[in-house]
Amino acid sequence: ECRAWAPHDVVVGRMTRAELREASRVAAKKLLRLGVGKGTRVGFLCSNRLEWLPIAFGALRLGAVLVPFSTLWKREEIAYALTHGDIQCLLLRPTFLKHDYLAQLNAIVPELATAVPGGLFAVNAPHLRRVVLLDGAAPGCDRWDDIAADVSELVLDGIERTVVPTDIATIFFTSGSTARAKAVVHAHGALVTSGRLATLPEDAGLAFITAPRYWDAQAIYDTPIAGGRLSLSGLVSDLGKPKIVVAFKDKAQGGTQYFNVWPAADFDQRKVRV
């Protein structure tokens, strides 16, 4: 098992490594249909969801540059990431908790309301050409569920063979708590090396916060590479509990792992049955 999803306090979705591999190939084919290719900057604004890893690894398969956005960001921070990250294609969840990301995006890029999907030209985000919604529909936007995954397996294999360890894989923005967020660039080789250095037992779990900063997002890649299981905890996302200690327990494996979820002070105590 590679991934577990707990919207509340019980796991309701699981995915093996083989299933993740296949799902990421499907996501890669959809991204190809959207015009994403090697070097394309793909912004990703999404909370804890089952499709997070398949889309992320799908982009990496193509040699695209994945740029995770924090779900805590407000309009000014989203605008900064769009321009500083040279985002060309943005995948996003329209809303989450009290955040209306689509409204914020329309305020940044008013041209979106009248644009043809895939043909966006905006003054405040000059590189952004396409916006893709993971839920719902809106003017100027593509719908992820409507994108066909009908690219040949041989074509995808050929594209993957062109990706080399020195290619840029992802850009993580730092928290920006003391200064403007920094864009930290990582190559494919660095991600793989980091994952191999992280030694995790088979039953290890990781609670990943819904506002991926550079160290959170790094762990998202490291955990599957290192042989651990990524447990996406909805206790942070759906219940809005930003201060928490999570215990991941797997009776079949006979192990319990405890992880602190930022901020590291005044934790509440909860348990998630994995």
# chains A, B, ... in the order shown; residues from 1 in each chain; ligands from 1
call {"tool": "residues_around", "arguments": {"residues": "stretch 99-114 of chain A", "least_positions_apart": "4", "cutoff": "9 Å", "atoms": "only C-alpha atoms", "output": "list in words"}}
result
Leu45, Thr71, Leu72, Trp73, Lys74, Arg75, Glu76, Ile78, Ala79, Leu92, Arg93, Pro94, Thr95, Leu120, Phe121, Ala122, Val123, Asn124, Ala125, Val131, Leu133, Ala138, Pro139, Gly140 and Cys141 of chain A
call {"tool": "write_last_selection", "arguments": {"atoms": "N, CA, C and O atoms", "output": "compact mmCIF listing (two decimals), in the first residue's frame"}}
result
# COMPACT_ATOMS: atom_id res chain seq x y z
N LEU A 45 -2.97 23.95 -7.01
CA LEU A 45 -3.59 24.48 -5.80
C LEU A 45 -4.70 23.53 -5.38
O LEU A 45 -5.81 23.56 -5.90
N THR A 71 -2.58 26.13 0.28
CA THR A 71 -4.01 26.37 0.40
C THR A 71 -4.32 27.49 1.39
O THR A 71 -5.47 27.90 1.52
N LEU A 72 -3.32 27.98 2.09
CA LEU A 72 -3.50 29.10 3.02
C LEU A 72 -3.28 30.44 2.34
O LEU A 72 -3.55 31.49 2.93
N TRP A 73 -2.78 30.42 1.11
CA TRP A 73 -2.45 31.66 0.43
C TRP A 73 -3.69 32.49 0.14
O TRP A 73 -4.77 31.97 -0.18
N LYS A 74 -3.49 33.81 0.20
CA LYS A 74 -4.52 34.76 -0.20
C LYS A 74 -4.18 35.31 -1.57
O LYS A 74 -3.21 34.89 -2.21
N ARG A 75 -5.00 36.26 -2.01
CA ARG A 75 -4.88 36.71 -3.40
C ARG A 75 -3.48 37.22 -3.75
O ARG A 75 -2.93 36.88 -4.80
N GLU A 76 -2.89 38.03 -2.87
CA GLU A 76 -1.57 38.60 -3.17
C GLU A 76 -0.51 37.50 -3.32
O GLU A 76 0.38 37.60 -4.18
N ILE A 78 -1.06 34.28 -4.15
CA ILE A 78 -1.33 33.52 -5.37
C ILE A 78 -0.82 34.29 -6.59
O ILE A 78 -0.19 33.71 -7.49
N ALA A 79 -1.06 35.60 -6.61
CA ALA A 79 -0.59 36.43 -7.73
C ALA A 79 0.93 36.39 -7.82
O ALA A 79 1.49 36.30 -8.93
N LEU A 92 -6.53 23.71 -10.14
CA LEU A 92 -6.94 24.14 -8.82
C LEU A 92 -8.30 23.61 -8.43
O LEU A 92 -9.15 23.29 -9.28
N ARG A 93 -8.49 23.49 -7.14
CA ARG A 93 -9.79 23.26 -6.54
C ARG A 93 -10.42 24.64 -6.36
O ARG A 93 -9.82 25.53 -5.74
N PRO A 94 -11.65 24.88 -6.87
CA PRO A 94 -12.20 26.24 -6.84
C PRO A 94 -12.34 26.83 -5.44
O PRO A 94 -12.08 28.02 -5.23
N THR A 95 -12.76 26.01 -4.47
CA THR A 95 -12.94 26.49 -3.11
C THR A 95 -12.43 25.45 -2.13
O THR A 95 -12.32 24.26 -2.45
N LEU A 120 -5.79 31.81 -22.77
CA LEU A 120 -5.76 32.95 -21.85
C LEU A 120 -4.52 33.82 -22.08
O LEU A 120 -3.40 33.30 -22.19
N PHE A 121 -4.72 35.12 -22.13
CA PHE A 121 -3.63 36.08 -22.15
C PHE A 121 -3.97 37.17 -21.14
O PHE A 121 -4.96 37.87 -21.31
N ALA A 122 -3.18 37.24 -20.07
CA ALA A 122 -3.50 38.13 -18.96
C ALA A 122 -2.32 39.01 -18.61
O ALA A 122 -1.17 38.54 -18.57
N VAL A 123 -2.59 40.26 -18.31
CA VAL A 123 -1.54 41.22 -17.99
C VAL A 123 -0.83 40.84 -16.69
O VAL A 123 0.40 40.90 -16.60
N ASN A 124 -1.60 40.43 -15.67
CA ASN A 124 -1.02 40.17 -14.36
C ASN A 124 -0.42 38.77 -14.20
O ASN A 124 0.22 38.49 -13.19
N ALA A 125 -0.64 37.92 -15.18
CA ALA A 125 -0.04 36.58 -15.19
C ALA A 125 0.32 36.27 -16.63
O ALA A 125 -0.34 35.46 -17.29
N VAL A 131 -6.27 27.33 -17.34
CA VAL A 131 -6.74 27.08 -15.97
C VAL A 131 -7.64 25.86 -16.01
O VAL A 131 -8.56 25.78 -16.83
N LEU A 133 -10.02 23.24 -13.69
CA LEU A 133 -10.74 23.06 -12.43
C LEU A 133 -10.86 21.58 -12.09
O LEU A 133 -11.25 20.77 -12.94
N ALA A 138 -16.43 26.83 -14.89
CA ALA A 138 -16.40 28.29 -14.88
C ALA A 138 -15.92 28.77 -16.24
O ALA A 138 -15.21 28.05 -16.95
N PRO A 139 -16.32 29.99 -16.63
CA PRO A 139 -15.88 30.53 -17.92
C PRO A 139 -14.36 30.59 -18.03
O PRO A 139 -13.66 30.92 -17.07
N GLY A 140 -13.87 30.22 -19.20
CA GLY A 140 -12.45 30.28 -19.48
C GLY A 140 -11.63 29.12 -18.95
O GLY A 140 -10.42 29.06 -19.18
N CYS A 141 -12.29 28.18 -18.25
CA CYS A 141 -11.57 27.09 -17.59
C CYS A 141 -11.91 25.74 -18.21
O CYS A 141 -13.04 25.50 -18.64
call {"tool": "select_by_dssp", "arguments": {"residues": "stretch 6-108 of chain A", "states": "helix (DSSP H, G or I)", "output": "count of residues only"}}
result
46
call {"tool": "atom_distance", "arguments": {"atom1": "atom CA of A:Val67", "atom2": "atom CA of A:Ile171"}}
result
5.0 Å
call {"tool": "closest_residue", "arguments": {"among": "A:Ala187, A:Val132, A:Leu91, A:Leu156", "to": "A:Gly37", "atoms": "only C-alpha atoms"}}
result
A:Leu156
call {"tool": "atom_distance", "arguments": {"atom1": "atom CA of A:Arg143", "atom2": "atom CA of A:Pro117"}}
result
9.6 Å
call {"tool": "atom_distance", "arguments": {"atom1": "atom CA of A:Val184", "atom2": "atom CA of A:Arg33"}}
result
28.0 Å
call {"tool": "residues_around", "arguments": {"residues": "A:Gly39", "least_positions_apart": "5", "cutoff": "7 Å", "atoms": "only C-alpha atoms", "output": "PyMOL selection string"}}
result
chain A and resi 63-65
call {"tool": "select_by_dssp", "arguments": {"residues": "stretch 36-192 of chain A", "states": "strand (DSSP E)", "output": "MDAnalysis selection string"}}
result
chainID A and resid 41:45 65:68 89:92 95:96 99:100 130:133 142:143 168:173 183:187
call {"tool": "residues_around", "arguments": {"residues": "stretch 83-89 of chain A", "least_positions_apart": "5", "cutoff": "6 Å", "atoms": "only C-alpha atoms", "output": "number ranges by chain"}}
result
A: 41-43, 125, 127-131
call {"tool": "closest_residue", "arguments": {"among": "A:His188, A:Lys98, A:Arg180, A:Arg17", "to": "A:Leu53", "atoms": "only C-alpha atoms"}}
result
A:Arg17
call {"tool": "decode", "arguments": {"residues": "stretch 25-65 of chain A", "atoms": "N, CA and C atoms", "output": "tab-separated table (two decimals), in the first residue's frame"}}
result
chain	number	residue	atom	x	y	z
A	25	ARG	N	-0.03	7.64	-14.76
A	25	ARG	CA	0.08	7.58	-16.22
A	25	ARG	C	-1.17	8.18	-16.85
A	26	VAL	N	-2.33	7.90	-16.29
A	26	VAL	CA	-3.57	8.50	-16.80
A	26	VAL	C	-3.51	10.02	-16.65
A	27	ALA	N	-3.05	10.49	-15.49
A	27	ALA	CA	-2.93	11.94	-15.28
A	27	ALA	C	-1.94	12.55	-16.26
A	28	ALA	N	-0.84	11.86	-16.52
A	28	ALA	CA	0.16	12.37	-17.46
A	28	ALA	C	-0.44	12.51	-18.86
A	29	LYS	N	-1.25	11.56	-19.27
A	29	LYS	CA	-1.89	11.63	-20.58
A	29	LYS	C	-2.87	12.81	-20.66
A	30	LYS	N	-3.59	13.04	-19.58
A	30	LYS	CA	-4.50	14.20	-19.54
A	30	LYS	C	-3.71	15.50	-19.64
A	31	LEU	N	-2.61	15.57	-18.92
A	31	LEU	CA	-1.78	16.77	-18.97
A	31	LEU	C	-1.22	16.99	-20.37
A	32	LEU	N	-0.84	15.91	-21.04
A	32	LEU	CA	-0.38	16.05	-22.43
A	32	LEU	C	-1.48	16.64	-23.31
A	33	ARG	N	-2.71	16.18	-23.13
A	33	ARG	CA	-3.84	16.70	-23.89
A	33	ARG	C	-4.06	18.19	-23.61
A	34	LEU	N	-3.66	18.64	-22.42
A	34	LEU	CA	-3.79	20.05	-22.05
A	34	LEU	C	-2.62	20.89	-22.56
A	35	GLY	N	-1.68	20.24	-23.25
A	35	GLY	CA	-0.55	20.97	-23.79
A	35	GLY	C	0.65	21.03	-22.88
A	36	VAL	N	0.60	20.30	-21.78
A	36	VAL	CA	1.73	20.28	-20.85
A	36	VAL	C	2.81	19.36	-21.41
A	37	GLY	N	4.04	19.79	-21.31
A	37	GLY	CA	5.16	18.99	-21.78
A	37	GLY	C	6.39	19.25	-20.94
A	38	LYS	N	7.52	18.82	-21.43
A	38	LYS	CA	8.77	18.99	-20.69
A	38	LYS	C	9.06	20.47	-20.47
A	39	GLY	N	9.26	20.85	-19.20
A	39	GLY	CA	9.57	22.23	-18.86
A	39	GLY	C	8.37	23.11	-18.58
A	40	THR	N	7.16	22.64	-18.88
A	40	THR	CA	5.96	23.43	-18.62
A	40	THR	C	5.80	23.66	-17.12
A	41	ARG	N	5.57	24.89	-16.70
A	41	ARG	CA	5.35	25.21	-15.29
A	41	ARG	C	3.88	24.96	-14.95
A	42	VAL	N	3.63	23.98	-14.08
A	42	VAL	CA	2.27	23.58	-13.72
A	42	VAL	C	2.00	23.97	-12.27
A	43	GLY	N	1.18	24.96	-12.05
A	43	GLY	CA	0.76	25.32	-10.71
A	43	GLY	C	-0.30	24.36	-10.21
A	44	PHE	N	-0.27	24.03	-8.93
A	44	PHE	CA	-1.19	23.03	-8.38
A	44	PHE	C	-1.70	23.52	-7.04
A	45	LEU	N	-2.97	23.95	-7.01
A	45	LEU	CA	-3.59	24.48	-5.80
A	45	LEU	C	-4.70	23.53	-5.38
A	46	CYS	N	-4.39	22.65	-4.43
A	46	CYS	CA	-5.31	21.58	-4.08
A	46	CYS	C	-5.07	21.14	-2.64
A	47	SER	N	-6.14	20.87	-1.92
A	47	SER	CA	-6.03	20.35	-0.56
A	47	SER	C	-5.84	18.84	-0.60
A	48	ASN	N	-5.85	18.21	0.56
A	48	ASN	CA	-5.69	16.75	0.64
A	48	ASN	C	-6.81	16.05	-0.13
A	49	ARG	N	-6.44	15.41	-1.23
A	49	ARG	CA	-7.40	14.68	-2.04
A	49	ARG	C	-6.71	13.48	-2.66
A	50	LEU	N	-7.52	12.52	-3.09
A	50	LEU	CA	-6.96	11.30	-3.66
A	50	LEU	C	-6.15	11.56	-4.92
A	51	GLU	N	-6.53	12.59	-5.68
A	51	GLU	CA	-5.84	12.81	-6.96
A	51	GLU	C	-4.54	13.59	-6.82
A	52	TRP	N	-4.18	14.01	-5.59
A	52	TRP	CA	-2.98	14.83	-5.43
A	52	TRP	C	-1.74	14.12	-5.99
A	53	LEU	N	-1.46	12.91	-5.50
A	53	LEU	CA	-0.26	12.21	-5.93
A	53	LEU	C	-0.29	11.81	-7.40
A	54	PRO	N	-1.38	11.24	-7.94
A	54	PRO	CA	-1.38	10.91	-9.36
A	54	PRO	C	-1.09	12.11	-10.27
A	55	ILE	N	-1.68	13.26	-9.97
A	55	ILE	CA	-1.43	14.44	-10.79
A	55	ILE	C	0.01	14.90	-10.64
A	56	ALA	N	0.51	14.90	-9.39
A	56	ALA	CA	1.88	15.33	-9.15
A	56	ALA	C	2.88	14.45	-9.89
A	57	PHE	N	2.75	13.14	-9.73
A	57	PHE	CA	3.68	12.24	-10.40
A	57	PHE	C	3.43	12.20	-11.91
A	58	GLY	N	2.19	12.46	-12.33
A	58	GLY	CA	1.91	12.55	-13.75
A	58	GLY	C	2.68	13.69	-14.40
A	59	ALA	N	2.72	14.83	-13.72
A	59	ALA	CA	3.49	15.97	-14.24
A	59	ALA	C	4.97	15.64	-14.28
A	60	LEU	N	5.47	14.97	-13.25
A	60	LEU	CA	6.89	14.63	-13.20
A	60	LEU	C	7.26	13.64	-14.30
A	61	ARG	N	6.35	12.74	-14.64
A	61	ARG	CA	6.61	11.79	-15.73
A	61	ARG	C	6.94	12.52	-17.04
A	62	LEU	N	6.29	13.67	-17.25
A	62	LEU	CA	6.44	14.39	-18.51
A	62	LEU	C	7.66	15.29	-18.51
A	63	GLY	N	8.28	15.48	-17.34
A	63	GLY	CA	9.35	16.46	-17.25
A	63	GLY	C	8.83	17.86	-17.05
A	64	ALA	N	7.52	17.98	-16.75
A	64	ALA	CA	6.96	19.29	-16.41
A	64	ALA	C	7.47	19.71	-15.04
A	65	VAL	N	7.36	20.99	-14.73
A	65	VAL	CA	7.81	21.51	-13.44
A	65	VAL	C	6.58	21.75	-12.57
